[in-house]
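Printed here is final.pdb (PDB, C-alpha atoms, pLDDT in the B column):
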MODEL        1
ATOM      1  CA  MET A   1     144.642 202.547 110.798  1.00 38.00           C
ATOM      2  CA  PRO A   2     140.884 202.378 109.943  1.00 38.00           C
ATOM      3  CA  ARG A   3     139.091 199.127 110.613  1.00 38.00           C
ATOM      4  CA  ARG A   4     138.094 197.221 107.480  1.00 40.00           C
ATOM      5  CA  THR A   5     134.431 196.312 107.156  1.00 40.00           C
ATOM      6  CA  ASN A   6     133.682 192.632 106.656  1.00 46.00           C
ATOM      7  CA  LYS A   7     131.694 192.344 103.428  1.00 50.00           C
ATOM      8  CA  LYS A   8     132.109 188.605 103.022  1.00 52.00           C
ATOM      9  CA  GLY A   9     128.358 187.885 103.056  1.00 49.00           C
ATOM     10  CA  LYS A  10     127.620 190.498 100.411  1.00 56.00           C
ATOM     11  CA  ASN A  11     130.415 189.317  98.111  1.00 60.00           C
ATOM     12  CA  HIS A  12     129.366 185.722  98.702  1.00 66.00           C
ATOM     13  CA  ASN A  13     125.865 186.457  97.382  1.00 84.00           C
ATOM     14  CA  LEU A  14     127.274 188.374  94.428  1.00 87.00           C
ATOM     15  CA  GLY A  15     129.482 185.420  93.566  1.00 89.00           C
ATOM     16  CA  HIS A  16     126.479 183.083  93.634  1.00 88.00           C
ATOM     17  CA  LEU A  17     124.537 185.463  91.378  1.00 89.00           C
ATOM     18  CA  LEU A  18     127.385 185.650  88.871  1.00 89.00           C
ATOM     19  CA  GLN A  19     127.686 181.872  88.882  1.00 88.00           C
ATOM     20  CA  ILE A  20     123.993 181.200  88.315  1.00 89.00           C
ATOM     21  CA  THR A  21     123.828 183.714  85.435  1.00 89.00           C
ATOM     22  CA  ASN A  22     127.126 182.746  83.795  1.00 86.00           C
ATOM     23  CA  SER A  23     126.821 181.701  80.150  1.00 78.00           C
ATOM     24  CA  ALA A  24     129.136 178.786  80.929  1.00 78.00           C
ATOM     25  CA  LEU A  25     126.655 177.312  83.434  1.00 82.00           C
ATOM     26  CA  PRO A  26     126.026 173.745  82.173  1.00 80.00           C
ATOM     27  CA  ILE A  27     122.267 173.971  81.693  1.00 79.00           C
ATOM     28  CA  GLY A  28     122.140 174.254  77.893  1.00 72.00           C
ATOM     29  CA  GLY A  29     120.958 177.849  77.629  1.00 68.00           C
ATOM     30  CA  PHE A  30     123.241 178.490  74.640  1.00 70.00           C
ATOM     31  CA  SER A  31     121.329 175.859  72.605  1.00 72.00           C
ATOM     32  CA  TYR A  32     118.114 177.861  72.176  1.00 67.00           C
ATOM     33  CA  SER A  33     117.019 180.858  70.111  1.00 73.00           C
ATOM     34  CA  GLU A  34     113.335 180.925  71.234  1.00 76.00           C
ATOM     35  CA  GLY A  35     112.139 181.342  67.653  1.00 78.00           C
ATOM     36  CA  LEU A  36     114.604 184.131  66.851  1.00 83.00           C
ATOM     37  CA  GLU A  37     116.427 181.961  64.302  1.00 82.00           C
ATOM     38  CA  GLN A  38     113.205 181.668  62.305  1.00 82.00           C
ATOM     39  CA  LEU A  39     112.583 185.432  62.451  1.00 84.00           C
ATOM     40  CA  ILE A  40     116.103 186.088  61.156  1.00 84.00           C
ATOM     41  CA  GLU A  41     115.663 183.472  58.424  1.00 83.00           C
ATOM     42  CA  GLU A  42     112.485 185.240  57.260  1.00 83.00           C
ATOM     43  CA  LYS A  43     114.274 188.638  57.267  1.00 88.00           C
ATOM     44  CA  ILE A  44     111.903 190.002  59.893  1.00 88.00           C
ATOM     45  CA  ILE A  45     114.914 190.894  62.067  1.00 90.00           C
ATOM     46  CA  CYS A  46     117.869 192.070  59.980  1.00 93.00           C
ATOM     47  CA  ASN A  47     120.022 194.346  62.159  1.00 93.00           C
ATOM     48  CA  SER A  48     120.889 195.301  65.726  1.00 92.00           C
ATOM     49  CA  ASN A  49     118.228 198.030  65.956  1.00 93.00           C
ATOM     50  CA  GLU A  50     115.470 195.606  65.001  1.00 94.00           C
ATOM     51  CA  LEU A  51     116.820 193.018  67.430  1.00 93.00           C
ATOM     52  CA  GLU A  52     116.946 195.562  70.262  1.00 94.00           C
ATOM     53  CA  PHE A  53     113.322 196.520  69.544  1.00 92.00           C
ATOM     54  CA  TRP A  54     112.313 192.824  69.561  1.00 91.00           C
ATOM     55  CA  ILE A  55     114.028 192.245  72.923  1.00 93.00           C
ATOM     56  CA  LYS A  56     112.283 195.232  74.505  1.00 93.00           C
ATOM     57  CA  ASP A  57     108.960 194.147  73.024  1.00 91.00           C
ATOM     58  CA  SER A  58     109.432 190.649  74.483  1.00 90.00           C
ATOM     59  CA  LEU A  59     110.186 192.103  77.910  1.00 93.00           C
ATOM     60  CA  ASP A  60     107.014 194.207  77.688  1.00 92.00           C
ATOM     61  CA  TYR A  61     104.614 191.527  76.425  1.00 90.00           C
ATOM     62  CA  GLY A  62     106.307 188.140  75.975  1.00 88.00           C
ATOM     63  CA  ILE A  63     106.802 184.987  77.998  1.00 89.00           C
ATOM     64  CA  ILE A  64     110.070 186.290  79.489  1.00 92.00           C
ATOM     65  CA  ARG A  65     108.027 189.002  81.259  1.00 93.00           C
ATOM     66  CA  PHE A  66     105.766 186.352  82.737  1.00 93.00           C
ATOM     67  CA  GLU A  67     108.765 184.212  83.724  1.00 95.00           C
ATOM     68  CA  GLY A  68     110.181 187.132  85.684  1.00 96.00           C
ATOM     69  CA  CYS A  69     106.892 187.585  87.537  1.00 96.00           C
ATOM     70  CA  VAL A  70     106.711 183.872  88.364  1.00 96.00           C
ATOM     71  CA  LEU A  71     110.350 183.876  89.509  1.00 97.00           C
ATOM     72  CA  LYS A  72     109.453 186.542  92.076  1.00 97.00           C
ATOM     73  CA  ARG A  73     106.479 184.548  93.363  1.00 97.00           C
ATOM     74  CA  ILE A  74     108.438 181.291  93.534  1.00 96.00           C
ATOM     75  CA  TYR A  75     111.201 183.057  95.482  1.00 96.00           C
ATOM     76  CA  GLN A  76     108.705 184.470  97.963  1.00 96.00           C
ATOM     77  CA  ALA A  77     106.908 181.122  98.310  1.00 94.00           C
ATOM     78  CA  CYS A  78     110.225 179.470  99.197  1.00 92.00           C
ATOM     79  CA  LYS A  79     111.034 182.099 101.790  1.00 92.00           C
ATOM     80  CA  ASN A  80     107.530 181.814 103.281  1.00 92.00           C
ATOM     81  CA  ASP A  81     107.432 177.985 103.181  1.00 89.00           C
ATOM     82  CA  ASP A  82     104.301 178.251 101.013  1.00 92.00           C
ATOM     83  CA  PHE A  83     104.199 174.919  99.183  1.00 89.00           C
ATOM     84  CA  ASN A  84     100.792 175.478  97.538  1.00 91.00           C
ATOM     85  CA  SER A  85     101.843 178.779  95.936  1.00 93.00           C
ATOM     86  CA  LEU A  86     105.097 177.221  94.801  1.00 92.00           C
ATOM     87  CA  ILE A  87     103.339 174.487  92.817  1.00 92.00           C
ATOM     88  CA  PHE A  88     100.532 176.773  91.626  1.00 95.00           C
ATOM     89  CA  TRP A  89     102.841 179.281  89.954  1.00 95.00           C
ATOM     90  CA  ASP A  90     105.090 176.614  88.469  1.00 95.00           C
ATOM     91  CA  GLN A  91     102.092 174.881  86.863  1.00 94.00           C
ATOM     92  CA  TRP A  92     100.670 178.183  85.627  1.00 93.00           C
ATOM     93  CA  LEU A  93     103.977 179.023  83.961  1.00 93.00           C
ATOM     94  CA  LEU A  94     104.130 175.643  82.231  1.00 92.00           C
ATOM     95  CA  ALA A  95     100.561 176.103  80.965  1.00 90.00           C
ATOM     96  CA  SER A  96     101.587 179.473  79.483  1.00 87.00           C
ATOM     97  CA  MET A  97     104.213 177.872  77.216  1.00 85.00           C
ATOM     98  CA  GLU A  98     102.294 177.634  73.937  1.00 80.00           C
ATOM     99  CA  THR A  99     104.619 175.424  71.877  1.00 80.00           C
ATOM    100  CA  GLU A 100     106.293 172.113  72.569  1.00 81.00           C
ATOM    101  CA  GLU A 101     109.773 173.511  71.994  1.00 80.00           C
ATOM    102  CA  LEU A 102     109.302 176.402  74.427  1.00 82.00           C
ATOM    103  CA  ARG A 103     108.029 173.982  77.073  1.00 87.00           C
ATOM    104  CA  ARG A 104     110.868 171.549  76.423  1.00 86.00           C
ATOM    105  CA  GLN A 105     113.440 174.332  76.729  1.00 84.00           C
ATOM    106  CA  SER A 106     112.031 175.470  80.061  1.00 90.00           C
ATOM    107  CA  VAL A 107     111.750 171.933  81.472  1.00 91.00           C
ATOM    108  CA  ASP A 108     115.177 170.771  80.257  1.00 89.00           C
ATOM    109  CA  MET A 109     116.979 173.846  81.588  1.00 90.00           C
ATOM    110  CA  GLY A 110     115.027 173.644  84.846  1.00 91.00           C
ATOM    111  CA  ARG A 111     115.990 170.005  85.339  1.00 91.00           C
ATOM    112  CA  ALA A 112     119.658 170.776  84.668  1.00 90.00           C
ATOM    113  CA  LEU A 113     119.699 173.709  87.089  1.00 92.00           C
ATOM    114  CA  GLN A 114     117.967 171.635  89.773  1.00 88.00           C
ATOM    115  CA  ARG A 115     120.668 168.960  89.515  1.00 87.00           C
ATOM    116  CA  LEU A 116     123.338 171.642  89.745  1.00 86.00           C
ATOM    117  CA  ASN A 117     121.706 173.250  92.780  1.00 84.00           C
ATOM    118  CA  SER A 118     121.461 169.893  94.531  1.00 81.00           C
ATOM    119  CA  SER A 119     125.124 169.112  93.871  1.00 82.00           C
ATOM    120  CA  LEU A 120     126.503 172.502  94.908  1.00 79.00           C
ATOM    121  CA  SER A 121     124.549 173.604  97.945  1.00 67.00           C
ATOM    122  CA  ASP A 122     123.370 172.114 101.230  1.00 64.00           C
ATOM    123  CA  SER A 123     121.523 175.322 102.106  1.00 57.00           C
ATOM    124  CA  LYS A 124     117.825 174.902 101.312  1.00 62.00           C
ATOM    125  CA  CYS A 125     114.683 176.837 102.128  1.00 61.00           C
ATOM    126  CA  GLY A 126     112.407 175.455 104.829  1.00 53.00           C
ATOM    127  CA  LEU A 127     110.123 173.524 102.473  1.00 56.00           C
ATOM    128  CA  ASP A 128     109.995 169.739 102.485  1.00 51.00           C
ATOM    129  CA  GLN A 129     112.470 169.099  99.676  1.00 56.00           C
ATOM    130  CA  GLU A 130     110.980 165.694  98.855  1.00 58.00           C
ATOM    131  CA  ARG A 131     107.677 167.361  97.940  1.00 63.00           C
ATOM    132  CA  VAL A 132     109.164 170.177  95.846  1.00 68.00           C
ATOM    133  CA  VAL A 133     109.142 169.145  92.182  1.00 80.00           C
ATOM    134  CA  LEU A 134     109.468 172.234  89.991  1.00 90.00           C
ATOM    135  CA  ARG A 135     109.491 171.872  86.224  1.00 90.00           C
ATOM    136  CA  ASN A 136     110.246 175.296  84.748  1.00 94.00           C
ATOM    137  CA  TYR A 137     113.620 176.990  84.493  1.00 94.00           C
ATOM    138  CA  ALA A 138     112.329 180.302  85.923  1.00 96.00           C
ATOM    139  CA  SER A 139     110.790 178.419  88.864  1.00 96.00           C
ATOM    140  CA  VAL A 140     113.971 176.490  89.634  1.00 95.00           C
ATOM    141  CA  PHE A 141     116.005 179.703  89.219  1.00 96.00           C
ATOM    142  CA  GLY A 142     113.784 181.439  91.764  1.00 96.00           C
ATOM    143  CA  LYS A 143     114.100 178.562  94.230  1.00 93.00           C
ATOM    144  CA  THR A 144     117.866 178.358  93.713  1.00 93.00           C
ATOM    145  CA  ALA A 145     118.202 182.105  94.351  1.00 94.00           C
ATOM    146  CA  ALA A 146     116.200 181.658  97.563  1.00 92.00           C
ATOM    147  CA  ASP A 147     118.318 178.660  98.592  1.00 89.00           C
ATOM    148  CA  TRP A 148     121.535 180.603  97.950  1.00 90.00           C
ATOM    149  CA  ASN A 149     120.237 183.765  99.700  1.00 91.00           C
ATOM    150  CA  ILE A 150     120.591 185.938  96.609  1.00 94.00           C
ATOM    151  CA  PRO A 151     118.490 189.114  97.044  1.00 95.00           C
ATOM    152  CA  LEU A 152     115.270 188.966  95.028  1.00 96.00           C
ATOM    153  CA  ASP A 153     115.853 192.130  92.995  1.00 96.00           C
ATOM    154  CA  SER A 154     119.367 190.984  92.108  1.00 96.00           C
ATOM    155  CA  ALA A 155     118.110 187.521  91.150  1.00 96.00           C
ATOM    156  CA  LEU A 156     115.449 188.953  88.851  1.00 97.00           C
ATOM    157  CA  TYR A 157     117.906 191.390  87.286  1.00 96.00           C
ATOM    158  CA  GLY A 158     120.384 188.559  86.716  1.00 96.00           C
ATOM    159  CA  TYR A 159     117.733 186.307  85.185  1.00 96.00           C
ATOM    160  CA  LEU A 160     116.616 188.928  82.673  1.00 96.00           C
ATOM    161  CA  TYR A 161     120.194 189.993  81.949  1.00 95.00           C
ATOM    162  CA  ARG A 162     121.165 186.381  81.184  1.00 93.00           C
ATOM    163  CA  TRP A 163     118.224 186.070  78.802  1.00 93.00           C
ATOM    164  CA  ILE A 164     119.101 189.300  76.972  1.00 94.00           C
ATOM    165  CA  SER A 165     122.745 188.274  76.677  1.00 92.00           C
ATOM    166  CA  SER A 166     121.768 184.859  75.304  1.00 90.00           C
ATOM    167  CA  ILE A 167     119.424 186.363  72.702  1.00 90.00           C
ATOM    168  CA  LEU A 168     122.092 188.867  71.641  1.00 92.00           C
ATOM    169  CA  ASP A 169     124.562 185.998  71.133  1.00 90.00           C
ATOM    170  CA  VAL A 170     122.062 184.455  68.711  1.00 87.00           C
ATOM    171  CA  GLY A 171     121.801 187.747  66.838  1.00 90.00           C
ATOM    172  CA  VAL A 172     125.573 188.213  66.666  1.00 91.00           C
ATOM    173  CA  LYS A 173     125.964 184.789  65.060  1.00 89.00           C
ATOM    174  CA  LEU A 174     122.955 184.694  62.744  1.00 89.00           C
ATOM    175  CA  ILE A 175     122.200 188.211  61.501  1.00 92.00           C
ATOM    176  CA  PRO A 176     125.273 188.632  61.716  1.00 90.00           C
ATOM    177  CA  MET A 177     125.859 191.957  63.402  1.00 90.00           C
ATOM    178  CA  GLY A 178     129.305 191.751  65.018  1.00 87.00           C
ATOM    179  CA  GLN A 179     130.471 191.569  68.614  1.00 90.00           C
ATOM    180  CA  SER A 180     130.739 195.352  69.055  1.00 93.00           C
ATOM    181  CA  ALA A 181     127.173 195.881  67.862  1.00 93.00           C
ATOM    182  CA  GLY A 182     125.998 193.216  70.299  1.00 92.00           C
ATOM    183  CA  GLN A 183     127.774 194.915  73.196  1.00 94.00           C
ATOM    184  CA  LYS A 184     126.369 198.303  72.198  1.00 94.00           C
ATOM    185  CA  CYS A 185     122.875 196.820  72.202  1.00 94.00           C
ATOM    186  CA  LEU A 186     123.474 195.342  75.655  1.00 94.00           C
ATOM    187  CA  TRP A 187     124.723 198.713  76.880  1.00 95.00           C
ATOM    188  CA  ASN A 188     121.646 200.457  75.500  1.00 93.00           C
ATOM    189  CA  MET A 189     119.387 197.966  77.273  1.00 94.00           C
ATOM    190  CA  GLN A 190     120.632 198.752  80.790  1.00 94.00           C
ATOM    191  CA  PRO A 191     118.235 201.632  81.713  1.00 94.00           C
ATOM    192  CA  PHE A 192     115.301 199.742  80.210  1.00 95.00           C
ATOM    193  CA  LEU A 193     116.241 196.596  82.131  1.00 96.00           C
ATOM    194  CA  GLU A 194     116.497 198.448  85.454  1.00 96.00           C
ATOM    195  CA  ASN A 195     113.025 199.920  84.946  1.00 96.00           C
ATOM    196  CA  LYS A 196     111.639 196.534  83.920  1.00 96.00           C
ATOM    197  CA  VAL A 197     112.931 194.860  87.084  1.00 97.00           C
ATOM    198  CA  PHE A 198     111.286 197.563  89.215  1.00 96.00           C
ATOM    199  CA  GLU A 199     108.021 197.138  87.267  1.00 96.00           C
ATOM    200  CA  LEU A 200     107.901 193.336  87.550  1.00 96.00           C
ATOM    201  CA  LEU A 201     108.647 193.377  91.266  1.00 96.00           C
ATOM    202  CA  SER A 202     105.569 195.522  91.885  1.00 95.00           C
ATOM    203  CA  LEU A 203     103.199 193.935  89.336  1.00 93.00           C
ATOM    204  CA  PRO A 204      99.981 192.553  90.930  1.00 93.00           C
ATOM    205  CA  ASN A 205      98.541 189.165  89.977  1.00 92.00           C
ATOM    206  CA  GLU A 206      95.664 190.676  88.003  1.00 90.00           C
ATOM    207  CA  ASP A 207      98.138 192.330  85.609  1.00 89.00           C
ATOM    208  CA  LEU A 208      99.927 189.107  84.640  1.00 88.00           C
ATOM    209  CA  TYR A 209      99.556 188.185  80.978  1.00 82.00           C
ATOM    210  CA  VAL A 210     101.445 186.877  77.958  1.00 79.00           C
ATOM    211  CA  TRP A 211     101.001 188.436  74.507  1.00 77.00           C
ATOM    212  CA  ASN A 212     103.431 186.253  72.642  1.00 74.00           C
ATOM    213  CA  THR A 213     101.780 185.525  69.283  1.00 75.00           C
ATOM    214  CA  ALA A 214     104.693 186.327  66.940  1.00 73.00           C
ATOM    215  CA  VAL A 215     107.198 184.355  69.016  1.00 74.00           C
ATOM    216  CA  VAL A 216     104.807 181.406  69.265  1.00 71.00           C
ATOM    217  CA  LEU A 217     104.352 181.302  65.481  1.00 75.00           C
ATOM    218  CA  ALA A 218     108.104 181.615  64.931  1.00 72.00           C
ATOM    219  CA  SER A 219     108.746 178.794  67.415  1.00 69.00           C
ATOM    220  CA  MET A 220     106.211 176.556  65.633  1.00 68.00           C
ATOM    221  CA  GLN A 221     107.771 177.260  62.240  1.00 67.00           C
ATOM    222  CA  HIS A 222     111.277 176.852  63.608  1.00 62.00           C
ATOM    223  CA  GLU A 223     110.494 173.271  64.611  1.00 64.00           C
ATOM    224  CA  THR A 224     110.468 172.283  60.922  1.00 65.00           C
ATOM    225  CA  GLN A 225     112.965 174.857  59.590  1.00 63.00           C
ATOM    226  CA  TYR A 226     115.106 173.219  56.917  1.00 57.00           C
ATOM    227  CA  SER A 227     118.467 174.249  58.335  1.00 63.00           C
ATOM    228  CA  ARG A 228     119.017 175.511  61.866  1.00 61.00           C
ATOM    229  CA  LEU A 229     121.725 175.909  64.485  1.00 56.00           C
ATOM    230  CA  TYR A 230     119.482 176.192  67.567  1.00 56.00           C
ATOM    231  CA  ARG A 231     116.930 173.899  69.153  1.00 60.00           C
ATOM    232  CA  SER A 232     114.207 176.523  69.265  1.00 54.00           C
TER
ENDMDL
END

Give the structure from this file in structure tokens form.
Amino acid sequence: MPRRTNKKGKNHNLGHLLQITNSALPIGGFSYSEGLEQLIEEKIICNSNELEFWIKDSLDYGIIRFEGCVLKRIYQACKNDDFNSLIFWDQWLLASMETEELRRQSVDMGRALQRLNSSLSDSKCGLDQERVVLRNYASVFGKTAADWNIPLDSALYGYLYRWISSILDVGVKLIPMGQSAGQKCLWNMQPFLENKVFELLSLPNEDLYVWNTAVVLASMQHETQYSRLYRS
């Protein structure tokens, strides 16, 4: 009878990744549209094809691209016990949030995830935990992935996948475009997402930027939208 290979460690990390990216995670991610509700209200995005294009465009130029790059650097700073880099990238990310609602979303979700991490895990990176005060969701996600020993590429893939899934849920409800159309869009995004993860993992500091003008304007307008279901 062949000996069975012990894959407990691998499955353990996969379980942590699935937990941290689950839509049921109590961090409030379902409450936000990141300006998409305003774009749908103005008929700028009217169907699944337009939404898929907007998601890809955001991953190429928007704040979610920058969040992924910062997540990588936060993860590495935790593993290398580099406190200065940890704080530097977290502050840079916060400064890149151009509207109050985008900043509030990032800070509120980050705070909720930090509480969850503290309550679930005793395994921490080597940094002095009393000195580590991260404010952004992507930063706390990166640190949590490092604390839970989730591989970096898997953590980044999971972070971007969770964001895409959340945005598609907004589109399904507000366009509306139907559950099947949302799943088809998610299916179509898989090759693009895999390439994007590979790109962001190898992106040097000098190529970091945010070209987020349309989303910023939509977020600003959404703040005073007459009727809305989402916080931003």

query: Can you list what the PyMOL selection byres ((chain A and resi 171-176) around 10) grabs from this structure, as a PyMOL selection string?
result: chain A and resi 33+36-37+40-41+43+45-48+51-52+165-170+177-183+229

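Residues surrounding Arg162 of chain A within 10 Å are Leu18, Ile20, Thr21, Asn22, Ser23, Gly29, Leu156 and Leu168 of chain A [only C-alpha atoms; sequence separation below 6 positions excluded].
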
Selection to disk with C-alpha atoms, as a compact mmCIF listing (two decimals), in the coordinates of the input:
# COMPACT_ATOMS: atom_id res chain seq x y z
CA LEU A 18 127.38 185.65 88.87
CA ILE A 20 123.99 181.20 88.32
CA THR A 21 123.83 183.71 85.44
CA ASN A 22 127.13 182.75 83.80
CA SER A 23 126.82 181.70 80.15
CA GLY A 29 120.96 177.85 77.63
CA LEU A 156 115.45 188.95 88.85
CA LEU A 168 122.09 188.87 71.64

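Straight-line separation from atom CA of Leu113 of chain A to atom CA of Tyr75 of chain A: 15.2 Å.
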
field: Resolved residues for the PyMOL selection byres ((chain A and resi 190) around 12) as an MDAnalysis selection string
entry: chainID A and resid 52 56 157:158 160:161 164:165 183:189 191:197

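If only C-alpha atoms are the atoms counted, then among A:Val210, A:Leu120, A:Ala146, A:Ile87 the closest residue to Asp60 of chain A is A:Val210.
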
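Taking atom CA of Phe53 of chain A and atom CA of Arg65 of chain A as endpoints, the distance between them is 14.9 Å.
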